[in-house]
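File shown: protein33.txt (compact mmCIF, C-alpha atoms).
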# COMPACT_ATOMS: atom_id res chain seq x y z
CA MET A 1 -13.46 98.09 -245.64
CA ASP A 2 -17.16 98.31 -246.36
CA ASP A 3 -18.88 95.04 -245.57
CA THR A 4 -22.39 96.32 -245.01
CA ASN A 5 -23.56 94.35 -248.07
CA ASP A 6 -22.60 91.13 -246.39
CA THR A 7 -24.36 91.78 -243.10
CA SER A 8 -27.41 93.87 -243.90
CA PHE A 9 -30.76 92.95 -245.40
CA VAL A 10 -30.80 94.08 -249.03
CA VAL A 11 -34.41 94.65 -250.05
CA ASP A 12 -33.84 94.71 -253.84
CA GLU A 13 -32.01 91.44 -253.85
CA VAL A 14 -34.72 89.73 -251.81
CA SER A 15 -37.47 91.28 -253.90
CA ASN A 16 -35.95 89.74 -257.04
CA VAL A 17 -35.70 86.35 -255.36
CA ILE A 18 -39.39 86.54 -254.44
CA LYS A 19 -40.54 87.60 -257.92
CA GLU A 20 -38.56 84.86 -259.61
CA SER A 21 -39.98 82.20 -257.30
CA ILE A 22 -43.57 83.32 -257.84
CA GLU A 23 -43.16 83.49 -261.62
CA ALA A 24 -41.54 80.09 -261.76
CA THR A 25 -44.29 78.45 -259.69
CA VAL A 26 -47.56 80.12 -260.70
CA GLY A 27 -46.57 82.56 -263.44
CA SER A 28 -48.70 81.14 -266.21
CA GLN A 29 -51.30 79.23 -264.22
CA SER A 30 -54.95 79.83 -263.46
CA TYR A 31 -56.36 79.41 -259.98
CA GLN A 32 -56.92 75.73 -259.15
CA GLN A 33 -58.18 74.76 -255.71
CA ALA A 34 -56.42 71.41 -255.78
CA LYS A 35 -53.04 72.93 -256.48
CA ILE A 36 -52.73 75.97 -254.28
CA ASN A 37 -51.40 74.04 -251.32
CA THR A 38 -48.54 72.77 -253.48
CA TRP A 39 -47.97 76.19 -255.01
CA THR A 40 -47.69 78.03 -251.72
CA SER A 41 -45.32 75.36 -250.35
CA ASN A 42 -43.19 75.48 -253.48
CA ILE A 43 -42.97 79.26 -253.51
CA VAL A 44 -41.99 79.43 -249.86
CA GLU A 45 -39.43 76.64 -250.12
CA ALA A 46 -37.87 78.02 -253.29
CA ILE A 47 -37.47 81.43 -251.66
CA LEU A 48 -35.95 79.97 -248.50
CA ASN A 49 -33.49 77.91 -250.53
CA SER A 50 -32.40 80.94 -252.56
CA LEU A 51 -32.03 83.07 -249.45
CA THR A 52 -29.93 80.53 -247.60
CA LYS A 53 -27.61 80.30 -250.61
CA LEU A 54 -26.80 83.99 -250.13
CA ASN A 55 -24.84 82.83 -247.07
CA LYS A 56 -25.66 85.83 -244.94
CA PRO A 57 -25.82 85.69 -241.12
CA PHE A 58 -29.62 85.89 -241.04
CA LYS A 59 -32.61 83.93 -239.84
CA TYR A 60 -35.49 84.14 -242.31
CA ILE A 61 -39.26 83.97 -242.08
CA VAL A 62 -41.19 83.62 -245.35
CA SER A 63 -44.95 83.81 -245.61
CA CYS A 64 -47.09 83.37 -248.73
CA VAL A 65 -50.80 84.00 -249.20
CA ILE A 66 -52.61 83.03 -252.40
CA MET A 67 -56.16 84.22 -252.83
CA GLN A 68 -58.66 83.59 -255.56
CA LYS A 69 -59.91 86.71 -257.34
CA ASN A 70 -63.60 86.88 -256.63
CA GLY A 71 -64.15 90.35 -255.25
CA ALA A 72 -63.31 89.78 -251.60
CA GLY A 73 -61.10 92.28 -249.83
CA LEU A 74 -57.86 91.47 -248.05
CA HIS A 75 -55.62 93.55 -245.80
CA THR A 76 -52.31 92.54 -244.31
CA ALA A 77 -50.09 94.39 -241.85
CA SER A 78 -46.96 93.57 -239.94
CA SER A 79 -45.24 95.03 -236.92
CA CYS A 80 -41.70 94.17 -235.87
CA PHE A 81 -39.60 94.55 -232.75
CA TRP A 82 -36.02 94.22 -233.97
CA ASP A 83 -32.81 96.04 -234.79
CA ASN A 84 -33.57 98.55 -237.55
CA THR A 85 -29.95 98.84 -238.64
CA THR A 86 -29.51 95.18 -239.55
CA ASP A 87 -32.95 93.61 -239.94
CA GLY A 88 -35.45 94.14 -242.70
CA SER A 89 -38.45 92.90 -244.58
CA CYS A 90 -39.72 92.77 -248.12
CA THR A 91 -43.31 92.23 -249.26
CA VAL A 92 -44.23 91.58 -252.88
CA ARG A 93 -47.78 91.72 -254.21
CA TRP A 94 -48.30 89.78 -257.44
CA GLU A 95 -51.39 89.04 -259.48
CA ASN A 96 -52.59 87.43 -262.63
CA LYS A 97 -56.09 87.11 -264.10
CA SER A 98 -57.36 84.57 -261.55
CA MET A 99 -55.46 85.07 -258.32
CA TYR A 100 -53.42 87.28 -256.02
CA ALA A 101 -50.20 86.23 -254.31
CA ILE A 102 -48.71 88.19 -251.43
CA VAL A 103 -45.31 87.09 -250.21
CA SER A 104 -43.49 88.56 -247.20
CA VAL A 105 -39.92 87.85 -246.22
CA PHE A 106 -38.47 88.95 -242.88
CA GLY A 107 -34.72 88.77 -242.28
CA LEU A 108 -33.34 88.96 -238.74
CA SER A 109 -29.62 89.14 -238.12
CA ILE A 110 -27.97 86.80 -235.67
CA MET B 111 -18.35 85.64 -230.89
CA SER B 112 -20.00 84.46 -227.70
CA VAL B 113 -23.33 82.74 -228.08
CA THR B 114 -25.94 83.11 -225.37
CA SER B 115 -28.88 80.82 -224.62
CA PRO B 116 -32.30 82.02 -223.54
CA ARG B 117 -33.13 81.80 -219.85
CA THR B 118 -36.80 81.26 -220.67
CA ILE B 119 -37.90 80.07 -224.07
CA PHE B 120 -40.86 81.82 -225.66
CA ASN B 121 -44.07 80.01 -224.70
CA SER B 122 -46.35 79.54 -227.72
CA GLN B 123 -49.44 78.53 -225.74
CA ASP B 124 -49.47 81.69 -223.59
CA MET B 125 -48.91 83.78 -226.69
CA LYS B 126 -51.68 82.09 -228.62
CA ARG B 127 -54.13 82.73 -225.76
CA ARG B 128 -53.13 86.39 -225.60
CA LEU B 129 -53.39 86.75 -229.40
CA HIS B 130 -56.90 85.36 -229.34
CA GLU B 131 -57.91 87.73 -226.53
CA ILE B 132 -56.63 90.74 -228.44
CA LEU B 133 -58.38 89.70 -231.65
CA HIS B 134 -61.66 89.02 -229.87
CA GLU B 135 -61.59 92.37 -228.00
CA ASN B 136 -61.01 94.28 -231.19
CA LEU B 137 -63.00 92.37 -233.80
CA HIS B 138 -66.08 90.86 -232.17
CA ASP B 139 -68.28 93.77 -233.21
CA LYS B 140 -66.62 94.68 -236.49
CA GLN B 141 -67.76 94.24 -240.06
CA TYR B 142 -65.45 94.20 -243.04
CA ASP B 143 -64.98 97.74 -244.28
CA SER B 144 -62.15 98.43 -246.69
CA ASN B 145 -61.10 101.77 -245.23
CA GLN B 146 -61.45 100.73 -241.63
CA CYS B 147 -59.68 97.38 -242.03
CA SER B 148 -56.61 99.01 -243.46
CA SER B 149 -55.93 100.89 -240.23
CA LEU B 150 -57.41 98.12 -238.10
CA SER B 151 -54.86 95.57 -239.32
CA LYS B 152 -51.96 97.94 -238.59
CA ASP B 153 -53.41 98.77 -235.20
CA LEU B 154 -53.82 95.09 -234.32
CA ALA B 155 -50.26 94.31 -235.39
CA ASN B 156 -48.94 97.08 -233.15
CA ARG B 157 -51.07 96.01 -230.19
CA ILE B 158 -49.90 92.43 -230.50
CA LYS B 159 -46.28 93.54 -230.73
CA ASP B 160 -46.71 95.66 -227.58
CA ALA B 161 -48.34 92.73 -225.77
CA LEU B 162 -45.40 90.48 -226.68
CA LYS B 163 -43.00 93.01 -225.17
CA THR B 164 -44.88 92.96 -221.85
CA PHE B 165 -44.17 89.25 -221.40
CA GLY B 166 -40.58 90.14 -220.65
CA TYR B 167 -38.70 87.58 -222.75
CA GLU B 168 -35.07 88.64 -222.91
CA ARG B 169 -33.13 88.94 -226.15
CA TYR B 170 -36.09 87.99 -228.34
CA LYS B 171 -36.96 89.82 -231.54
CA PHE B 172 -40.61 89.73 -232.63
CA VAL B 173 -42.33 89.77 -235.99
CA VAL B 174 -46.12 90.03 -236.02
CA GLN B 175 -48.23 89.55 -239.12
CA VAL B 176 -51.97 90.24 -239.24
CA LEU B 177 -54.18 89.30 -242.16
CA ILE B 178 -57.82 90.40 -242.38
CA CYS B 179 -59.98 89.15 -245.19
CA GLN B 180 -63.60 89.54 -246.06
CA GLU B 181 -65.90 86.56 -245.55
CA TYR B 182 -67.03 86.24 -249.16
CA ASN B 183 -66.91 82.56 -250.09
CA GLU B 184 -63.44 82.96 -251.52
CA ASN B 185 -60.63 80.45 -251.25
CA ILE B 186 -57.43 81.51 -249.59
CA GLN B 187 -54.29 79.59 -248.76
CA MET B 188 -51.53 80.77 -246.46
CA ASN B 189 -48.21 79.08 -245.96
CA CYS B 190 -45.14 80.07 -243.99
CA ARG B 191 -41.70 78.63 -243.36
CA ALA B 192 -38.77 79.80 -241.37
CA TYR B 193 -35.05 79.22 -241.48
CA TRP B 194 -34.10 79.53 -237.83
CA ASP B 195 -32.97 77.71 -234.71
CA SER B 196 -35.81 75.41 -233.68
CA GLU B 197 -34.45 75.16 -230.12
CA THR B 198 -34.90 78.83 -229.34
CA ASP B 199 -37.32 80.25 -231.91
CA ARG B 200 -41.08 79.83 -231.84
CA LEU B 201 -44.28 80.81 -233.54
CA ALA B 202 -47.80 81.44 -232.19
CA GLN B 203 -50.78 81.72 -234.51
CA THR B 204 -54.48 82.19 -234.07
CA ILE B 205 -57.43 82.47 -236.44
CA TYR B 206 -60.46 84.55 -235.49
CA MET B 207 -63.70 84.50 -237.49
CA ASN B 208 -66.97 86.29 -237.26
CA GLN B 209 -69.71 86.32 -239.88
CA PHE B 210 -68.16 89.21 -241.83
CA LEU B 211 -64.43 88.68 -241.68
CA ILE B 212 -61.60 86.29 -241.02
CA CYS B 213 -58.45 87.40 -239.20
CA ILE B 214 -55.20 85.43 -238.99
CA ALA B 215 -52.59 86.72 -236.55
CA THR B 216 -49.13 85.19 -236.43
CA ALA B 217 -46.37 86.08 -234.00
CA PHE B 218 -42.80 84.90 -234.60
CA ALA B 219 -40.24 85.06 -231.79
CA VAL B 220 -36.59 84.87 -232.83
CA TYR B 221 -33.75 84.72 -230.32
CA TYR B 222 -30.81 87.10 -230.71
CA TYR B 223 -27.56 85.36 -229.68

In C-alpha cells, write the structure found in this file.
Amino acid sequence: MDDTNDTSFVVDEVSNVIKESIEATVGSQSYQQAKINTWTSNIVEAILNSLTKLNKPFKYIVSCVIMQKNGAGLHTASSCFWDNTTDGSCTVRWENKSMYAIVSVFGLSI
Amino acid sequence: MSVTSPRTIFNSQDMKRRLHEILHENLHDKQYDSNQCSSLSKDLANRIKDALKTFGYERYKFVVQVLICQEYNENIQMNCRAYWDSETDRLAQTIYMNQFLICIATAFAVYYY
C-alpha cells in the first residue's frame, strides 16, 4: 500500500495553496501602506487554514514578505536541519505592478 | 506511537543573542551589493544553522530564514505564523541594520516527538 502521499510534503499542492491565497488577498490591488499589515496577516492565515485542512501529520511555518516596488534589492535564503525524506519547503515569488510578495512554507513531519 | 518530551526546551533569548552576534560579525562592514548578497544570505543561513546545532538541543529540527534588503527608503512588511506545539516549539528573531542594508534572521526550532 503506497501511503507516501499522506505523509510526505507535496510541493505542488502547497504551491497551489500559496498562489491561491496571494491572488485572493492582493491579486488586483496596488500597494497601500495602510493595508499591507492586514494583507500579510490574511495571506499567512489563509495558507495555514488551507494546510491544516489537508489533515497531514505536519507542523507548518508560513512566512510572507510584501515589498513595495521602488528599485530596492532583496535577497532571502533559508537553511534547514530536518529529515529530508519527510520534510519540505515551498517558496513562491509573486509580483504585480506595484509590489512583490514572497511566501515561504516549511512543513515538518511529526 | 510513543510521544517524547524535550529534556531542555529551546531557549529563545540565548538564540537571539547568538543570531545577533553572527549577523554583526558578518555584516558590520558590508554594503548592499546584489551579487555578493545572494551568496551572503545563503552563507549566513548556513552559519546560523550550524550555530544552532552546537547548542546541543536534542530532537529539535531547525529552520533558519535570512532576509537581506537594501536600505533604499522602501516599505517592507514581513509576517509569519506557525501551526505547531507552543509548549515545545520556539522562534528566535533578530533584525540587524547598518546604513546600507537591513537583515532579518529568524530561527524556528520544532520538536520531533

Could you produce a table of the residues of chain A lying within 7 Å of chain B, with the nearest pair of atoms per residue and their separation in Å rounded to one decimal, using all atoms listed in the file, ordered by chain and increasing residue number, as JSON lines?
{"residue": "A:Ile36", "atom": "CA", "partner": "B:Gln187", "partner_atom": "CA", "distance": 6.8}
{"residue": "A:Asn37", "atom": "CA", "partner": "B:Gln187", "partner_atom": "CA", "distance": 6.8}
{"residue": "A:Thr40", "atom": "CA", "partner": "B:Asn189", "partner_atom": "CA", "distance": 5.9}
{"residue": "A:Ser41", "atom": "CA", "partner": "B:Asn189", "partner_atom": "CA", "distance": 6.4}
{"residue": "A:Val44", "atom": "CA", "partner": "B:Arg191", "partner_atom": "CA", "distance": 6.6}
{"residue": "A:Lys59", "atom": "CA", "partner": "B:Trp194", "partner_atom": "CA", "distance": 5.1}
{"residue": "A:Tyr60", "atom": "CA", "partner": "B:Tyr193", "partner_atom": "CA", "distance": 5.0}
{"residue": "A:Ile61", "atom": "CA", "partner": "B:Ala192", "partner_atom": "CA", "distance": 4.3}
{"residue": "A:Val62", "atom": "CA", "partner": "B:Arg191", "partner_atom": "CA", "distance": 5.4}
{"residue": "A:Ser63", "atom": "CA", "partner": "B:Cys190", "partner_atom": "CA", "distance": 4.1}
{"residue": "A:Cys64", "atom": "CA", "partner": "B:Asn189", "partner_atom": "CA", "distance": 5.2}
{"residue": "A:Val65", "atom": "CA", "partner": "B:Met188", "partner_atom": "CA", "distance": 4.3}
{"residue": "A:Ile66", "atom": "CA", "partner": "B:Gln187", "partner_atom": "CA", "distance": 5.3}
{"residue": "A:Met67", "atom": "CA", "partner": "B:Ile186", "partner_atom": "CA", "distance": 4.4}
{"residue": "A:Gln68", "atom": "CA", "partner": "B:Asn185", "partner_atom": "CA", "distance": 5.7}
{"residue": "A:Asn70", "atom": "CA", "partner": "B:Glu184", "partner_atom": "CA", "distance": 6.4}
{"residue": "A:Ala72", "atom": "CA", "partner": "B:Gln180", "partner_atom": "CA", "distance": 5.6}
{"residue": "A:Gly73", "atom": "CA", "partner": "B:Gln180", "partner_atom": "CA", "distance": 5.3}
{"residue": "A:Leu74", "atom": "CA", "partner": "B:Cys179", "partner_atom": "CA", "distance": 4.2}
{"residue": "A:His75", "atom": "CA", "partner": "B:Ile178", "partner_atom": "CA", "distance": 5.1}
{"residue": "A:Thr76", "atom": "CA", "partner": "B:Leu177", "partner_atom": "CA", "distance": 4.3}
{"residue": "A:Ala77", "atom": "CA", "partner": "B:Lys152", "partner_atom": "CA", "distance": 5.2}
{"residue": "A:Ser78", "atom": "CA", "partner": "B:Gln175", "partner_atom": "CA", "distance": 4.3}
{"residue": "A:Ser79", "atom": "CA", "partner": "B:Val174", "partner_atom": "CA", "distance": 5.2}
{"residue": "A:Cys80", "atom": "CA", "partner": "B:Val173", "partner_atom": "CA", "distance": 4.4}
{"residue": "A:Phe81", "atom": "CA", "partner": "B:Phe172", "partner_atom": "CA", "distance": 4.9}
{"residue": "A:Trp82", "atom": "CA", "partner": "B:Lys171", "partner_atom": "CA", "distance": 5.1}
{"residue": "A:Ile110", "atom": "CA", "partner": "B:Tyr222", "partner_atom": "CA", "distance": 5.7}

Provide the CA of Glu135 in chain B to CA of Phe120 in chain B distance in Å, to one decimal place.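 That distance, rounded to one decimal, is 23.4 Å.
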
Between CA of Thr52 in chain A and CA of Ile18 in chain A lies a distance of 13.1 Å

For CA of Gly107 in chain A and CA of Ser28 in chain A, quote the distance in Å rounded to one decimal.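 Those two atoms sit 28.7 Å apart.
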
So which one's closest to Lys69 in chain A, A:Tyr31, A:Phe106, A:Trp39, A:Trp94? Using only C-alpha atoms, please.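 Among the listed residues, A:Tyr31 lies closest to Lys69 in chain A.
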
Among listed residues A:Ser109, A:Ser104, A:Asn96, A:Thr85, nearest Leu48 in chain A (using all atoms listed in the file): A:Ser104

May I have the centre and edge lengths, in Å to one decimal, of an axis-aligned box around the listed atoms of range 136-144 of chain B with 5 Å added to every side, as JSON?
{"center_x": -64.6, "center_y": 94.6, "center_z": -238.9, "size_x": 17.3, "size_y": 17.6, "size_z": 25.5}
